[in-house]
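work.pdb follows (PDB, C-alpha atoms, pLDDT in the B column):
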MODEL        1
ATOM      1  CA  MET A   1       0.000   0.000   0.000  1.00 48.00           C
ATOM      2  CA  ARG A   2       1.015   3.561  -0.490  1.00 53.00           C
ATOM      3  CA  PRO A   3       1.526   5.748   2.565  1.00 54.00           C
ATOM      4  CA  ASP A   4      -1.970   7.202   2.013  1.00 53.00           C
ATOM      5  CA  GLY A   5      -3.461   3.675   2.257  1.00 57.00           C
ATOM      6  CA  GLN A   6      -4.298   3.307  -1.442  1.00 64.00           C
ATOM      7  CA  VAL A   7      -3.697  -0.010  -3.173  1.00 79.00           C
ATOM      8  CA  ARG A   8      -1.466   0.293  -6.245  1.00 90.00           C
ATOM      9  CA  HIS A   9      -3.289  -1.173  -9.221  1.00 94.00           C
ATOM     10  CA  VAL A  10      -3.226  -1.127 -13.014  1.00 96.00           C
ATOM     11  CA  SER A  11      -5.349  -3.054 -15.494  1.00 97.00           C
ATOM     12  CA  VAL A  12      -5.107  -2.939 -19.282  1.00 97.00           C
ATOM     13  CA  LEU A  13      -6.715  -4.773 -22.182  1.00 96.00           C
ATOM     14  CA  LEU A  14      -4.232  -5.915 -24.863  1.00 97.00           C
ATOM     15  CA  SER A  15      -4.505  -7.645 -28.220  1.00 94.00           C
ATOM     16  CA  SER A  16      -3.956 -11.400 -28.164  1.00 93.00           C
ATOM     17  CA  THR A  17      -0.857 -11.171 -30.342  1.00 94.00           C
ATOM     18  CA  ALA A  18       2.892 -11.397 -29.854  1.00 93.00           C
ATOM     19  CA  ARG A  19       2.952  -7.591 -29.953  1.00 96.00           C
ATOM     20  CA  GLY A  20       0.301  -7.435 -27.207  1.00 96.00           C
ATOM     21  CA  ALA A  21       2.362  -9.840 -25.072  1.00 96.00           C
ATOM     22  CA  ARG A  22       5.500  -7.701 -25.502  1.00 97.00           C
ATOM     23  CA  LEU A  23       3.521  -4.575 -24.646  1.00 98.00           C
ATOM     24  CA  ALA A  24       2.198  -6.281 -21.490  1.00 98.00           C
ATOM     25  CA  ARG A  25       5.746  -6.759 -20.220  1.00 98.00           C
ATOM     26  CA  LEU A  26       6.778  -3.192 -21.079  1.00 98.00           C
ATOM     27  CA  LEU A  27       3.703  -1.692 -19.389  1.00 98.00           C
ATOM     28  CA  ALA A  28       4.179  -3.877 -16.308  1.00 98.00           C
ATOM     29  CA  VAL A  29       7.853  -2.930 -15.922  1.00 98.00           C
ATOM     30  CA  ASP A  30       7.008   0.744 -16.381  1.00 97.00           C
ATOM     31  CA  ALA A  31       4.259   0.605 -13.730  1.00 97.00           C
ATOM     32  CA  LEU A  32       6.430  -1.309 -11.253  1.00 97.00           C
ATOM     33  CA  ARG A  33       9.314   1.138 -11.730  1.00 96.00           C
ATOM     34  CA  SER A  34       6.991   4.062 -11.075  1.00 95.00           C
ATOM     35  CA  TRP A  35       5.773   2.306  -7.910  1.00 94.00           C
ATOM     36  CA  GLU A  36       9.408   1.689  -6.922  1.00 93.00           C
ATOM     37  CA  VAL A  37       8.790  -2.056  -6.791  1.00 93.00           C
ATOM     38  CA  PRO A  38      11.409  -4.601  -7.960  1.00 94.00           C
ATOM     39  CA  TYR A  39      10.492  -5.404 -11.545  1.00 96.00           C
ATOM     40  CA  GLU A  40      13.006  -7.900 -12.957  1.00 96.00           C
ATOM     41  CA  THR A  41      11.330 -11.106 -11.768  1.00 97.00           C
ATOM     42  CA  ALA A  42       7.823  -9.706 -12.200  1.00 98.00           C
ATOM     43  CA  GLY A  43       8.615  -8.604 -15.748  1.00 97.00           C
ATOM     44  CA  GLN A  44       9.621 -12.149 -16.662  1.00 97.00           C
ATOM     45  CA  VAL A  45       6.471 -13.613 -15.063  1.00 98.00           C
ATOM     46  CA  VAL A  46       4.298 -11.118 -16.957  1.00 98.00           C
ATOM     47  CA  ALA A  47       6.123 -11.959 -20.197  1.00 97.00           C
ATOM     48  CA  GLU A  48       5.477 -15.690 -19.779  1.00 96.00           C
ATOM     49  CA  LEU A  49       1.815 -15.356 -18.761  1.00 97.00           C
ATOM     50  CA  ALA A  50       1.085 -12.821 -21.514  1.00 97.00           C
ATOM     51  CA  ALA A  51       2.800 -14.995 -24.138  1.00 95.00           C
ATOM     52  CA  ASN A  52       0.680 -17.948 -23.008  1.00 93.00           C
ATOM     53  CA  ALA A  53      -2.493 -15.843 -23.249  1.00 94.00           C
ATOM     54  CA  ALA A  54      -1.560 -14.656 -26.740  1.00 93.00           C
ATOM     55  CA  THR A  55      -0.604 -18.164 -27.881  1.00 90.00           C
ATOM     56  CA  HIS A  56      -2.840 -20.658 -26.064  1.00 86.00           C
ATOM     57  CA  GLY A  57      -5.644 -18.381 -24.858  1.00 83.00           C
ATOM     58  CA  ARG A  58      -6.175 -16.603 -28.147  1.00 82.00           C
ATOM     59  CA  VAL A  59      -9.590 -16.291 -29.728  1.00 84.00           C
ATOM     60  CA  PRO A  60      -9.581 -14.189 -32.914  1.00 83.00           C
ATOM     61  CA  GLY A  61     -10.975 -10.737 -32.229  1.00 82.00           C
ATOM     62  CA  ARG A  62     -10.723 -11.055 -28.438  1.00 89.00           C
ATOM     63  CA  SER A  63      -8.131  -9.493 -26.173  1.00 94.00           C
ATOM     64  CA  PHE A  64      -6.486 -10.508 -22.916  1.00 96.00           C
ATOM     65  CA  ARG A  65      -6.302  -8.445 -19.736  1.00 97.00           C
ATOM     66  CA  LEU A  66      -3.210  -7.778 -17.644  1.00 98.00           C
ATOM     67  CA  THR A  67      -3.836  -6.672 -14.066  1.00 98.00           C
ATOM     68  CA  LEU A  68      -1.217  -5.808 -11.442  1.00 98.00           C
ATOM     69  CA  TYR A  69      -1.886  -5.141  -7.757  1.00 94.00           C
ATOM     70  CA  VAL A  70       0.460  -4.336  -4.935  1.00 95.00           C
ATOM     71  CA  VAL A  71      -1.205  -4.942  -1.591  1.00 90.00           C
ATOM     72  CA  GLY A  72       1.025  -4.753   1.432  1.00 88.00           C
ATOM     73  CA  ALA A  73       4.196  -6.660   0.581  1.00 91.00           C
ATOM     74  CA  THR A  74       2.685  -8.782  -2.218  1.00 94.00           C
ATOM     75  CA  LEU A  75       2.612  -8.169  -5.952  1.00 97.00           C
ATOM     76  CA  ARG A  76      -0.217 -10.009  -7.704  1.00 97.00           C
ATOM     77  CA  ILE A  77      -0.104 -10.476 -11.464  1.00 98.00           C
ATOM     78  CA  GLU A  78      -3.235 -11.610 -13.286  1.00 98.00           C
ATOM     79  CA  VAL A  79      -3.629 -12.431 -16.976  1.00 97.00           C
ATOM     80  CA  THR A  80      -7.184 -13.132 -18.116  1.00 96.00           C
ATOM     81  CA  ASP A  81      -8.012 -14.629 -21.503  1.00 94.00           C
ATOM     82  CA  THR A  82     -11.120 -15.978 -23.208  1.00 91.00           C
ATOM     83  CA  ARG A  83     -10.125 -19.638 -23.446  1.00 88.00           C
ATOM     84  CA  GLY A  84     -11.493 -21.006 -20.191  1.00 83.00           C
ATOM     85  CA  ASP A  85     -11.634 -24.418 -21.845  1.00 84.00           C
ATOM     86  CA  ARG A  86      -7.805 -24.488 -22.048  1.00 83.00           C
ATOM     87  CA  ARG A  87      -6.377 -24.675 -18.546  1.00 85.00           C
ATOM     88  CA  PRO A  88      -2.606 -24.371 -18.247  1.00 82.00           C
ATOM     89  CA  VAL A  89      -0.686 -27.480 -17.255  1.00 79.00           C
ATOM     90  CA  LEU A  90       2.724 -27.419 -15.583  1.00 80.00           C
ATOM     91  CA  ARG A  91       5.038 -29.871 -17.339  1.00 77.00           C
ATOM     92  CA  GLU A  92       8.728 -30.602 -17.104  1.00 78.00           C
ATOM     93  CA  PRO A  93      10.308 -28.894 -20.110  1.00 73.00           C
ATOM     94  CA  ASP A  94      11.490 -31.033 -22.985  1.00 73.00           C
ATOM     95  CA  GLY A  95      15.232 -30.471 -23.351  1.00 70.00           C
ATOM     96  CA  VAL A  96      15.063 -30.155 -27.138  1.00 69.00           C
ATOM     97  CA  ALA A  97      11.732 -28.351 -27.606  1.00 62.00           C
ATOM     98  CA  GLU A  98      11.816 -24.694 -28.618  1.00 63.00           C
ATOM     99  CA  SER A  99       8.833 -23.831 -26.402  1.00 64.00           C
ATOM    100  CA  GLY A 100       6.907 -25.174 -23.421  1.00 66.00           C
ATOM    101  CA  ARG A 101       8.897 -23.622 -20.567  1.00 77.00           C
ATOM    102  CA  GLY A 102       6.608 -20.702 -19.675  1.00 84.00           C
ATOM    103  CA  LEU A 103       4.753 -22.174 -16.710  1.00 90.00           C
ATOM    104  CA  PHE A 104       7.919 -23.907 -15.550  1.00 90.00           C
ATOM    105  CA  LEU A 105       9.535 -20.443 -15.325  1.00 92.00           C
ATOM    106  CA  VAL A 106       6.474 -18.942 -13.622  1.00 95.00           C
ATOM    107  CA  ASP A 107       6.555 -21.762 -11.062  1.00 95.00           C
ATOM    108  CA  ALA A 108      10.256 -21.145 -10.414  1.00 94.00           C
ATOM    109  CA  LEU A 109      10.000 -17.335 -10.186  1.00 96.00           C
ATOM    110  CA  ALA A 110       6.682 -16.738  -8.404  1.00 97.00           C
ATOM    111  CA  ASP A 111       6.010 -17.506  -4.761  1.00 97.00           C
ATOM    112  CA  ARG A 112       2.517 -18.761  -5.632  1.00 97.00           C
ATOM    113  CA  TRP A 113       0.478 -19.177  -8.808  1.00 97.00           C
ATOM    114  CA  GLY A 114      -2.764 -20.699  -9.920  1.00 96.00           C
ATOM    115  CA  VAL A 115      -5.791 -20.559 -12.180  1.00 95.00           C
ATOM    116  CA  ALA A 116      -9.186 -19.059 -11.427  1.00 94.00           C
ATOM    117  CA  GLU A 117     -12.227 -19.625 -13.605  1.00 88.00           C
ATOM    118  CA  GLY A 118     -14.083 -16.469 -14.529  1.00 81.00           C
ATOM    119  CA  ARG A 119     -17.403 -15.789 -16.179  1.00 84.00           C
ATOM    120  CA  HIS A 120     -17.618 -18.120 -19.150  1.00 83.00           C
ATOM    121  CA  PRO A 121     -15.516 -18.247 -21.304  1.00 87.00           C
ATOM    122  CA  ARG A 122     -12.770 -16.575 -19.230  1.00 90.00           C
ATOM    123  CA  LYS A 123      -9.972 -17.858 -17.035  1.00 94.00           C
ATOM    124  CA  THR A 124      -7.345 -15.964 -15.085  1.00 95.00           C
ATOM    125  CA  VAL A 125      -3.844 -17.249 -14.522  1.00 96.00           C
ATOM    126  CA  TRP A 126      -2.380 -15.450 -11.517  1.00 97.00           C
ATOM    127  CA  ALA A 127       0.994 -15.296  -9.820  1.00 98.00           C
ATOM    128  CA  GLU A 128       2.084 -13.668  -6.591  1.00 98.00           C
ATOM    129  CA  ILE A 129       5.533 -12.419  -5.710  1.00 98.00           C
ATOM    130  CA  ASP A 130       6.440 -11.553  -2.139  1.00 96.00           C
ATOM    131  CA  LEU A 131       8.198  -8.210  -2.110  1.00 92.00           C
ATOM    132  CA  THR A 132       9.972  -8.935   1.166  1.00 81.00           C
ATOM    133  CA  PRO A 133      12.043 -12.054   1.848  1.00 63.00           C
ATOM    134  CA  ALA A 134       9.951 -14.861   3.316  1.00 53.00           C
ATOM    135  CA  PRO A 135      11.114 -17.770   5.478  1.00 56.00           C
ATOM    136  CA  GLU A 136      11.883 -21.038   3.694  1.00 58.00           C
ATOM    137  CA  ARG A 137       8.721 -23.029   2.948  1.00 52.00           C
ATOM    138  CA  GLY A 138       7.595 -26.171   1.144  1.00 52.00           C
ATOM    139  CA  THR A 139       7.921 -26.610  -2.590  1.00 51.00           C
ATOM    140  CA  SER A 140       4.244 -26.435  -3.542  1.00 51.00           C
ATOM    141  CA  ARG A 141       3.366 -23.006  -4.904  1.00 54.00           C
ATOM    142  CA  PHE A 142       0.526 -23.947  -7.228  1.00 55.00           C
ATOM    143  CA  GLY A 143      -3.061 -23.099  -6.276  1.00 58.00           C
ATOM    144  CA  ASP A 144      -6.051 -24.358  -8.220  1.00 55.00           C
ATOM    145  CA  VAL A 145      -8.568 -21.574  -7.735  1.00 50.00           C
ATOM    146  CA  GLY A 146      -9.124 -18.004  -6.717  1.00 52.00           C
ATOM    147  CA  GLY A 147      -6.499 -16.797  -4.379  1.00 50.00           C
TER     148      GLY A 147
ENDMDL
END
Could I get this file's structure written as structure tokens?
Amino acid sequence: MRPDGQVRHVSVLLSSTARGARLARLLAVDALRSWEVPYETAGQVVAELAANAATHGRVPGRSFRLTLYVVGATLRIEVTDTRGDRRPVLREPDGVAESGRGLFLVDALADRWGVAEGRHPRKTVWAEIDLTPAPERGTSRFGDVGG
């Protein structure tokens, strides 16, 4: 929260294209810099989630939404697309494949992540990053709903 008690928040609708995914990362980094929040890890998480939305969550003519919140010492990243029928699956990356590492990276970089179903046909893939160091915890960071 800001000293005046306001929650920092930004939400933007972007085209479900590679250009929209790149713009999502640039806008996120710019917002986080202006909020004086560490942006390197978050920028990579946004890049991966936005690329997934533009690639796997794409419906021609429909956009995806990027939303960032900072509440207390937690940054929450949400990417909402219109392919609720395609839920992301975390898989071990294939050593020779040219793609398929996005969620693996999100899992490694975020403190928590999951998928929330929205109004049909939407789904939101979210990730949270603790902005202050947390004590060591178990390895499970994946949540199935809400959050």
Using the chain letters and residue numbers of this document, give as a ChimeraX atom specification the residues selected by the PyMOL selection byres ((chain A and resi 78) around 6). /A:66-67,77,79,125-126
Can you write just those residues out, C-alpha atoms, as a short mmCIF file (atom, residue, chain, number, x, y, z; two decimals), in the coordinates of the input?
data_model
loop_
_atom_site.label_atom_id
_atom_site.label_comp_id
_atom_site.auth_asym_id
_atom_site.auth_seq_id
_atom_site.Cartn_x
_atom_site.Cartn_y
_atom_site.Cartn_z
CA LEU A 66 -3.21 -7.78 -17.64
CA THR A 67 -3.84 -6.67 -14.07
CA ILE A 77 -0.10 -10.48 -11.46
CA VAL A 79 -3.63 -12.43 -16.98
CA VAL A 125 -3.84 -17.25 -14.52
CA TRP A 126 -2.38 -15.45 -11.52
#
Rounded to one decimal in Å, what is the spacing between atom CA of A:Gly43 and atom CA of A:Ala21? 11.3 Å
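Using only C-alpha atoms, the smallest distance between any of A:Ser63, A:Thr74, A:Asn52, A:Ser15 and A:Pro88 comes from A:Asn52.
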Env of A:Val59: 9 Å cut, atoms = all atoms listed in the file, seq-sep filter 3 positions within chain, self excluded. Answer as a list of chain:residue names.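 In the requested form, the answer reads A:Ser16, A:Ala54, A:His56, A:Arg62, A:Ser63, A:Asp81, A:Thr82, A:Arg83.
Compared by their closest atoms to A:Val46, and using all atoms listed in the file, the residues A:Gly84, A:Gly95, A:Gly20, A:Gly118 rank with A:Gly20 nearest.
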Picked residues, the PyMOL selection byres ((chain A and resi 105) around 10), as a list in words: Gln44, Val45, Glu48, Leu49, Leu90, Pro93, Gly100, Arg101, Gly102, Leu103, Phe104, Val106, Asp107, Ala108, Leu109 and Ala110 of chain A
Would you mind listing what lies within 7 Å of A:Arg65 as a list of chain:residue names, with all atoms listed in the file counted and same-chain residues fewer than 3 positions away left out? A:Ser11, A:Val12, A:Leu13, A:Leu14, A:Val79, A:Thr80, A:Asp81
Please report the interatomic distance between atom CA of A:Ala28 and atom CA of A:Ala42 in Å with one decimal.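 Atom CA of A:Ala28 sits 8.0 Å away from atom CA of A:Ala42.
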Distance in Å - atom CA of A:Leu75 versus atom CA of A:Thr41: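 According to the coordinates, atom CA of A:Leu75 and atom CA of A:Thr41 are separated by 10.9 Å.
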Considering all atoms listed in the file, can you say which of A:Thr17, A:Arg87, A:Val7, A:Ile129 comes closest to A:Pro60? A:Thr17
What would the list of residues within 6 Å of (-0.3, -2.7, -10.7) (file frame) look like as an mmCIF file with C-alpha atoms, in the coordinates of the input, if only C-alpha atoms are what count?
data_model
loop_
_atom_site.group_PDB
_atom_site.id
_atom_site.type_symbol
_atom_site.label_atom_id
_atom_site.label_comp_id
_atom_site.auth_asym_id
_atom_site.auth_seq_id
_atom_site.Cartn_x
_atom_site.Cartn_y
_atom_site.Cartn_z
ATOM 1 C CA ARG A 8 -1.466 0.293 -6.245
ATOM 2 C CA HIS A 9 -3.289 -1.173 -9.221
ATOM 3 C CA VAL A 10 -3.226 -1.127 -13.014
ATOM 4 C CA LEU A 68 -1.217 -5.808 -11.442
ATOM 5 C CA TYR A 69 -1.886 -5.141 -7.757
#
Exercise: A:Val37 partners within 8 Å, all atoms listed in the file, chain neighbours under 4 positions left out, as a ChimeraX atom specification: /A:32-33,131
